[in-house]
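A.B. asks: Next up is a structure, given as structure tokens.
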Amino acid sequence: MTDTNSVQFDAFIGIPYAKPPVGKLRFKSPIPVDPWTGEYNATSRKPSCMQSSTVPLRDPIIGNEDCLYLNVYRPKENVTQSLPVMVFIHGGGYFSGSADPQLYGPERILATKLVILVTIQYRLGVFGFLSTGDAAAPGNAGMRDQVLALRWVQRNIATFGGDPQAVTLFGESAGGASVQLHMMSPLSRGLFQRAILMSGSALAVWSLPVDDPLALARRHAKLIGVSETDELTTAELVDVLQNIDANVLVASEQALGTWFDHPIVIYRPTIESAAVPVEDRFLTDDPGKQWTEGRFMNIPILLGTVPNEGAVVSLPILHNQTIMDQFNENLVELLPVVLALNASSADLGRLKERYFPNAPSDRWVSEESADNFTEMVSDALIKYPTLKTLQEYLSHPAETCRETTLYSFEFVGRHSFSSIYVPSDDKYGVCHQDELLYLFRMPDLFPDFPSESPETEIATVWTSSLFLVNFAVQGATPPNCGEQVETVKFENAPPGNATESKVSISRESGLSHKLQEMVQFWTTIYRSSYVAYH
């Protein structure tokens, strides 16, 4: 393959790191792949893990259960010393996504010639996160897949010229939340040394553990016609579900929701029970409690958001008049579904005053208040948990200075994931996932940027040795210990300088007053009103 500078690099595609999780291995912890003799053909793309397609006009069900593969990309020149390694976990709400190079092309990162890139696949949805709350199906199979992939990196990356003691784990959306979970999991200790959380947090309501995973598993079994579900033991239930056609399981996931594709994430990481030996548990306690108490790896972190994170949720509602009318007419019932928020009348009043001050009391969401709706969802689902993650990370004393960088990616380019969220050519600013367009090539979704364009320029700065790759190579070093945060904004060029994109860097003592106020607002709202839906 060739990078964005037309320089060749080595690509090893579709390397198996676990046995196919099929049959009696469905829902179980992954088993390392058996060693092979001779050469392995690492030139062909492998299918994604089983999922419903999120791209319009494509097959409704895509992927395969035999999907536990990873890709390794390295500079072609002989390296005289081991290179740092970046391991990417894709997002997709724990129910979609893949490591396919047509979706996450490595060309921009490899153009730096400074790191080795590894992209991994892990089981999704029911296959990756179904749990019976005991040893029959302990849950977190998808997270254990990620752990096994990280262990594969530790064992094998030196062979590719990588340094197993200089691994940066990074991910976007649910991938970012996964990175944070690995910072707390005893199974992941020592497997990476730096972390990047992009538009995702394990403290977000859509990532917090299901309150009753066995009830969810039984409900899914009933939905697909399993008889006498409540009378089955957990072992019998798992046995039955292991014999259900994979396509049936995937196709029925959406029907587990309450209203219009909500909750947006049905199957999620779970707290593993005492029936699982403590040394084998990926998640031993509530992630919010663990993070608040400082029970996480003390490693440098880089994290951030884009302005309109909530567009992935708001735009489908705003572009469907029937659904928008339902939301307005049943606000008290549907807000908990969308935001996992069992709002009291006082909470509703605070939300309306903050986000919809001029809207009629019986119609909060309309064309006129569309931006307000997106802002509310952005704050609740992505920005608040991200900033809370940083705030609590900084609040715990450490033996060494905590290294932190907070970014806001605000560059508006010619392409946007909004065109996938809704069939529209309208512009909606910088939406959830848009920062990925400047980190990876995505030829299956978007055409390449012209070589002499602001998009190419910002991609070079965003990806290169000046930011993301630089963090993986050198980390972030604030000038003093304590709550010193390096804040970076990636923005469009000012008027009159159309060919020059703008990057501003500042150092602040903790979060700004405005951001602190937003965190406090949502902390108050969720403290009394969080719904642990299942």
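Ligands are numbered from 1 in the order shown, chains are lettered A, B, ... in the order of the structure tokens, and residues start at 1 in each chain.
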Per residue of range 175-209 of chain A within 10 Å of range 123-147 of chain A, what are the shortest atom pair and its distance in Å to one decimal, counting only C-alpha atoms, with rows by chain and residue number, as JSON lines?

C.D. replies:
```
{"residue": "A:Ser178", "atom": "CA", "partner": "A:Met143", "partner_atom": "CA", "distance": 7.5}
{"residue": "A:Val179", "atom": "CA", "partner": "A:Gln146", "partner_atom": "CA", "distance": 9.7}
{"residue": "A:Leu181", "atom": "CA", "partner": "A:Met143", "partner_atom": "CA", "distance": 8.8}
{"residue": "A:His182", "atom": "CA", "partner": "A:Val147", "partner_atom": "CA", "distance": 8.1}
{"residue": "A:Ser185", "atom": "CA", "partner": "A:Val147", "partner_atom": "CA", "distance": 9.6}
{"residue": "A:Leu187", "atom": "CA", "partner": "A:Val147", "partner_atom": "CA", "distance": 7.1}
{"residue": "A:Ser188", "atom": "CA", "partner": "A:Val147", "partner_atom": "CA", "distance": 6.2}
{"residue": "A:Arg189", "atom": "CA", "partner": "A:Val147", "partner_atom": "CA", "distance": 9.8}
{"residue": "A:Leu191", "atom": "CA", "partner": "A:Val147", "partner_atom": "CA", "distance": 8.3}
```

A.B. asks: Next, the residues of the selection above should be written as a PDB file, in the first residue's frame with N, CA and C atoms.

C.D. replies:
```
ATOM      1  N   SER A 178     -14.313   2.240  25.317  1.00  0.00           N
ATOM      2  CA  SER A 178     -13.584   0.989  25.538  1.00  0.00           C
ATOM      3  C   SER A 178     -12.183   1.270  26.082  1.00  0.00           C
ATOM      4  N   VAL A 179     -11.512   2.269  25.519  1.00  0.00           N
ATOM      5  CA  VAL A 179     -10.181   2.617  26.001  1.00  0.00           C
ATOM      6  C   VAL A 179     -10.232   2.947  27.491  1.00  0.00           C
ATOM      7  N   LEU A 181     -12.433   1.950  29.685  1.00  0.00           N
ATOM      8  CA  LEU A 181     -12.694   0.719  30.437  1.00  0.00           C
ATOM      9  C   LEU A 181     -11.415  -0.090  30.613  1.00  0.00           C
ATOM     10  N   HIS A 182     -10.575  -0.121  29.586  1.00  0.00           N
ATOM     11  CA  HIS A 182      -9.300  -0.835  29.710  1.00  0.00           C
ATOM     12  C   HIS A 182      -8.398  -0.172  30.751  1.00  0.00           C
ATOM     13  N   SER A 185      -9.709  -1.885  33.877  1.00  0.00           N
ATOM     14  CA  SER A 185      -9.812  -3.340  33.967  1.00  0.00           C
ATOM     15  C   SER A 185      -8.496  -3.969  34.422  1.00  0.00           C
ATOM     16  N   LEU A 187      -7.610  -6.879  33.751  1.00  0.00           N
ATOM     17  CA  LEU A 187      -7.118  -7.728  32.666  1.00  0.00           C
ATOM     18  C   LEU A 187      -6.255  -6.959  31.670  1.00  0.00           C
ATOM     19  N   SER A 188      -6.326  -5.635  31.690  1.00  0.00           N
ATOM     20  CA  SER A 188      -5.627  -4.826  30.697  1.00  0.00           C
ATOM     21  C   SER A 188      -4.371  -4.152  31.240  1.00  0.00           C
ATOM     22  N   ARG A 189      -4.066  -4.381  32.505  1.00  0.00           N
ATOM     23  CA  ARG A 189      -2.904  -3.733  33.117  1.00  0.00           C
ATOM     24  C   ARG A 189      -1.620  -4.095  32.372  1.00  0.00           C
ATOM     25  N   LEU A 191      -0.809  -3.494  29.338  1.00  0.00           N
ATOM     26  CA  LEU A 191      -0.927  -3.780  27.903  1.00  0.00           C
ATOM     27  C   LEU A 191      -0.819  -2.532  27.032  1.00  0.00           C
TER      28      LEU A 191
END
```

A.B. asks: Just want the 6 Å neighbourhood of range 288-305 of chain A, counted on only C-alpha atoms, with same-chain residues fewer than 6 positions away dropped. Output as a VMD selection string.

C.D. replies: chain A and resid 183 to 184 194 to 199 203 403 to 408

A.B. asks: Can you list every residue in range 260-447 of chain A that DSSP puts in helix (DSSP H, G or I), as a PyMOL selection string?

C.D. replies: chain A and resi 278-280+287-292+311-318+321-329+331-339+345-355+370-395+418-421+434-438

A.B. asks: Contacts of Ser227 in chain A at 12 Å or less, counting only C-alpha atoms, minus same-chain residues fewer than 6 places along, as a list of chain:residue names?

C.D. replies: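 Residues near the query, excluding close chain neighbours: A:Arg218, A:Arg219, A:His220, A:Ala221, A:Glu236, A:Leu237, A:Val240, A:Leu241.
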
A.B. asks: Please determine, counting only C-alpha atoms, which residue among A:Gln242, A:Asn328, A:Asn71, A:Gln81 has the shortest atom-to-atom distance to Ala149 in chain A.

C.D. replies: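 Looking only at the distances to Ala149 in chain A, the closest residue turns out to be A:Asn71.
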
A.B. asks: Measuring atom to atom with only C-alpha atoms, identify which of A:Glu228, A:Asp285, A:Glu491, A:Glu107 is nearest to Val430 in chain A.

C.D. replies: A:Glu491

A.B. asks: Counting only C-alpha atoms, figure out which residue out of A:Ala99, A:Ala202, A:Val33, A:Ile15 gets nearest to Tyr69 in chain A.

C.D. replies: A:Ile15

A.B. asks: Show which residues sit within 10 Å of Trp259 in chain A, as a PDB file with C-alpha atoms, in the first residue's frame. Count only C-alpha atoms, and ignore same-chain residues fewer than 5 positions away.

C.D. replies:
```
ATOM      1  CA  GLN A 254     -33.385  -3.474  17.025  1.00  0.00           C
ATOM      2  CA  ILE A 264     -29.289   3.744  21.036  1.00  0.00           C
ATOM      3  CA  ILE A 323     -41.215  10.883  15.112  1.00  0.00           C
ATOM      4  CA  GLN A 326     -44.308  11.765  18.949  1.00  0.00           C
ATOM      5  CA  PHE A 327     -41.335  13.080  20.896  1.00  0.00           C
ATOM      6  CA  LEU A 334     -39.485   9.670  25.743  1.00  0.00           C
ATOM      7  CA  VAL A 337     -35.519   6.711  26.475  1.00  0.00           C
ATOM      8  CA  VAL A 338     -33.295   9.115  24.540  1.00  0.00           C
TER       9      VAL A 338
END
```

A.B. asks: Counting only C-alpha atoms, what is within 8 Å of Thr168 in chain A, bar same-chain residues fewer than 2 positions away, as a list of chain:residue names?

C.D. replies: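 Once the nearby chain positions are removed, what remains is A:Pro84, A:Val85, A:Met86, A:Val87, A:Ala166, A:Phe170, A:Phe192, A:Gln193, A:Arg194, A:Ala195, A:Ile196, A:Ala472.
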
A.B. asks: Those same residues - C-alpha atoms - I'd like them written as an mmCIF file, in the first residue's frame.

C.D. replies:
```cif
data_model
loop_
_atom_site.group_PDB
_atom_site.id
_atom_site.type_symbol
_atom_site.label_atom_id
_atom_site.label_comp_id
_atom_site.auth_asym_id
_atom_site.auth_seq_id
_atom_site.Cartn_x
_atom_site.Cartn_y
_atom_site.Cartn_z
ATOM 1 C CA PRO A 84 5.856 3.217 19.056
ATOM 2 C CA VAL A 85 2.599 1.390 18.390
ATOM 3 C CA MET A 86 -0.914 2.810 18.037
ATOM 4 C CA VAL A 87 -3.782 0.334 18.517
ATOM 5 C CA ALA A 166 5.249 2.072 23.897
ATOM 6 C CA PHE A 170 -7.019 4.920 21.036
ATOM 7 C CA PHE A 192 -0.653 -0.097 26.892
ATOM 8 C CA GLN A 193 1.066 3.050 28.107
ATOM 9 C CA ARG A 194 -0.985 5.957 26.734
ATOM 10 C CA ALA A 195 -4.671 6.486 25.967
ATOM 11 C CA ILE A 196 -6.676 8.600 23.507
ATOM 12 C CA ALA A 472 1.752 8.482 20.804
#
```

A.B. asks: If we count only C-alpha atoms, what is near range 463-467 of chain A at a cut-off of 7 Å, once residues fewer than 6 positions away on the same chain are taken out, given as a ChimeraX atom specification?

C.D. replies: /A:108-109,112,439

A.B. asks: Dump all heavy atoms for the selected residues as a short mmCIF file (atom, residue, chain, number, x, y, z; two decimals), in the first residue's frame?

C.D. replies:
```cif
data_model
loop_
_atom_site.label_atom_id
_atom_site.label_comp_id
_atom_site.auth_asym_id
_atom_site.auth_seq_id
_atom_site.Cartn_x
_atom_site.Cartn_y
_atom_site.Cartn_z
N ARG A 108 -2.93 8.04 6.25
CA ARG A 108 -2.52 9.30 6.87
C ARG A 108 -1.55 9.06 8.03
O ARG A 108 -0.55 9.77 8.19
CB ARG A 108 -3.75 10.07 7.37
CG ARG A 108 -4.78 10.38 6.31
CD ARG A 108 -5.79 11.41 6.82
NE ARG A 108 -7.03 11.35 6.07
CZ ARG A 108 -7.21 11.80 4.83
NH1 ARG A 108 -6.18 12.32 4.19
NH2 ARG A 108 -8.37 11.71 4.22
N ILE A 109 -1.85 8.08 8.86
CA ILE A 109 -0.98 7.80 10.00
C ILE A 109 0.36 7.26 9.53
O ILE A 109 1.42 7.65 10.04
CB ILE A 109 -1.68 6.81 10.96
CG1 ILE A 109 -2.90 7.48 11.60
CG2 ILE A 109 -0.71 6.33 12.04
CD1 ILE A 109 -3.72 6.58 12.49
N THR A 112 3.40 9.54 8.43
CA THR A 112 4.33 10.12 9.39
C THR A 112 5.61 9.31 9.53
O THR A 112 6.64 9.82 9.97
CB THR A 112 3.69 10.25 10.78
OG1 THR A 112 3.48 8.94 11.32
CG2 THR A 112 2.36 10.98 10.70
N LEU A 439 -8.28 11.58 10.00
CA LEU A 439 -7.33 10.64 10.60
C LEU A 439 -7.16 9.40 9.73
O LEU A 439 -6.05 8.87 9.59
CB LEU A 439 -7.83 10.25 12.00
CG LEU A 439 -7.00 9.27 12.81
CD1 LEU A 439 -5.58 9.78 13.02
CD2 LEU A 439 -7.68 8.98 14.15
#
```

A.B. asks: Could you please write out, as JSON, numbers by chain, every residue of range 159-326 of chain A that DSSP assigns to strand (DSSP E)?

C.D. replies: {"A": [162, 163, 164, 165, 166, 167, 168, 169, 170, 171, 172, 194, 195, 196, 197, 198, 301, 302, 303, 304, 305]}

A.B. asks: Residues as selected, N, CA and C atoms, written as a CSV table (one decimal), in the first residue's frame, can you do that?

C.D. replies:
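Now in out_27.csv:
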```
chain,number,residue,atom,x,y,z
A,162,GLY,N,7.9,-3.1,16.2
A,162,GLY,CA,7.2,-2.3,17.2
A,162,GLY,C,7.7,-2.5,18.6
A,163,ASP,N,7.5,-1.5,19.4
A,163,ASP,CA,7.9,-1.5,20.8
A,163,ASP,C,6.7,-1.8,21.7
A,164,PRO,N,6.6,-3.0,22.3
A,164,PRO,CA,5.5,-3.4,23.1
A,164,PRO,C,5.3,-2.6,24.4
A,165,GLN,N,6.4,-1.8,24.7
A,165,GLN,CA,6.3,-1.0,25.9
A,165,GLN,C,6.0,0.5,25.6
A,166,ALA,N,5.6,0.7,24.3
A,166,ALA,CA,5.2,2.1,23.9
A,166,ALA,C,4.0,2.0,23.1
A,167,VAL,N,2.9,1.5,23.7
A,167,VAL,CA,1.6,1.3,23.0
A,167,VAL,C,0.7,2.3,23.4
A,168,THR,N,0.1,3.0,22.4
A,168,THR,CA,-1.0,4.0,22.7
A,168,THR,C,-2.3,3.3,22.2
A,169,LEU,N,-3.2,3.2,23.1
A,169,LEU,CA,-4.6,2.6,22.8
A,169,LEU,C,-5.5,3.8,22.5
A,170,PHE,N,-6.1,3.8,21.4
A,170,PHE,CA,-7.0,4.9,21.0
A,170,PHE,C,-8.3,4.4,20.4
A,171,GLY,N,-9.4,5.2,20.5
A,171,GLY,CA,-10.6,4.8,20.0
A,171,GLY,C,-11.6,5.9,19.9
A,172,GLU,N,-12.6,5.8,19.1
A,172,GLU,CA,-13.6,6.8,18.9
A,172,GLU,C,-15.0,6.3,19.3
A,194,ARG,N,-0.3,4.7,26.9
A,194,ARG,CA,-1.0,6.0,26.7
A,194,ARG,C,-2.4,5.7,26.2
A,195,ALA,N,-3.3,6.7,26.4
A,195,ALA,CA,-4.7,6.5,26.0
A,195,ALA,C,-5.2,7.7,25.3
A,196,ILE,N,-6.0,7.5,24.2
A,196,ILE,CA,-6.7,8.6,23.5
A,196,ILE,C,-8.2,8.2,23.5
A,197,LEU,N,-9.0,9.1,24.0
A,197,LEU,CA,-10.4,9.0,24.0
A,197,LEU,C,-11.1,10.0,23.1
A,198,MET,N,-11.6,9.6,22.0
A,198,MET,CA,-12.2,10.5,21.0
A,198,MET,C,-13.7,10.4,21.0
A,301,ILE,N,-3.2,10.8,29.1
A,301,ILE,CA,-4.4,10.7,28.3
A,301,ILE,C,-4.6,12.0,27.4
A,302,LEU,N,-5.2,11.8,26.3
A,302,LEU,CA,-5.6,12.8,25.4
A,302,LEU,C,-7.1,12.5,25.1
A,303,LEU,N,-7.9,13.5,25.2
A,303,LEU,CA,-9.3,13.3,24.9
A,303,LEU,C,-10.0,14.6,24.4
A,304,GLY,N,-11.1,14.4,23.7
A,304,GLY,CA,-11.8,15.6,23.2
A,304,GLY,C,-13.1,15.3,22.5
A,305,THR,N,-13.7,16.3,21.9
A,305,THR,CA,-15.0,16.2,21.3
A,305,THR,C,-15.1,17.0,20.0
```

A.B. asks: Would you mind listing what lies within 10 Å of Asn247 in chain A as a PyMOL selection string, with only C-alpha atoms counted and same-chain residues fewer than 6 positions away left out?

C.D. replies: chain A and resi 50-52+60-65

A.B. asks: Go through A:Gly38, A:Gly257, A:Pro357, A:Pro454 one by one, measure the shortest atom-to-atom distance of each to Ala493 in chain A using only C-alpha atoms, and give the residue with the smallest value.

C.D. replies: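 Counting only C-alpha atoms, the residue closest to Ala493 in chain A is A:Pro454.
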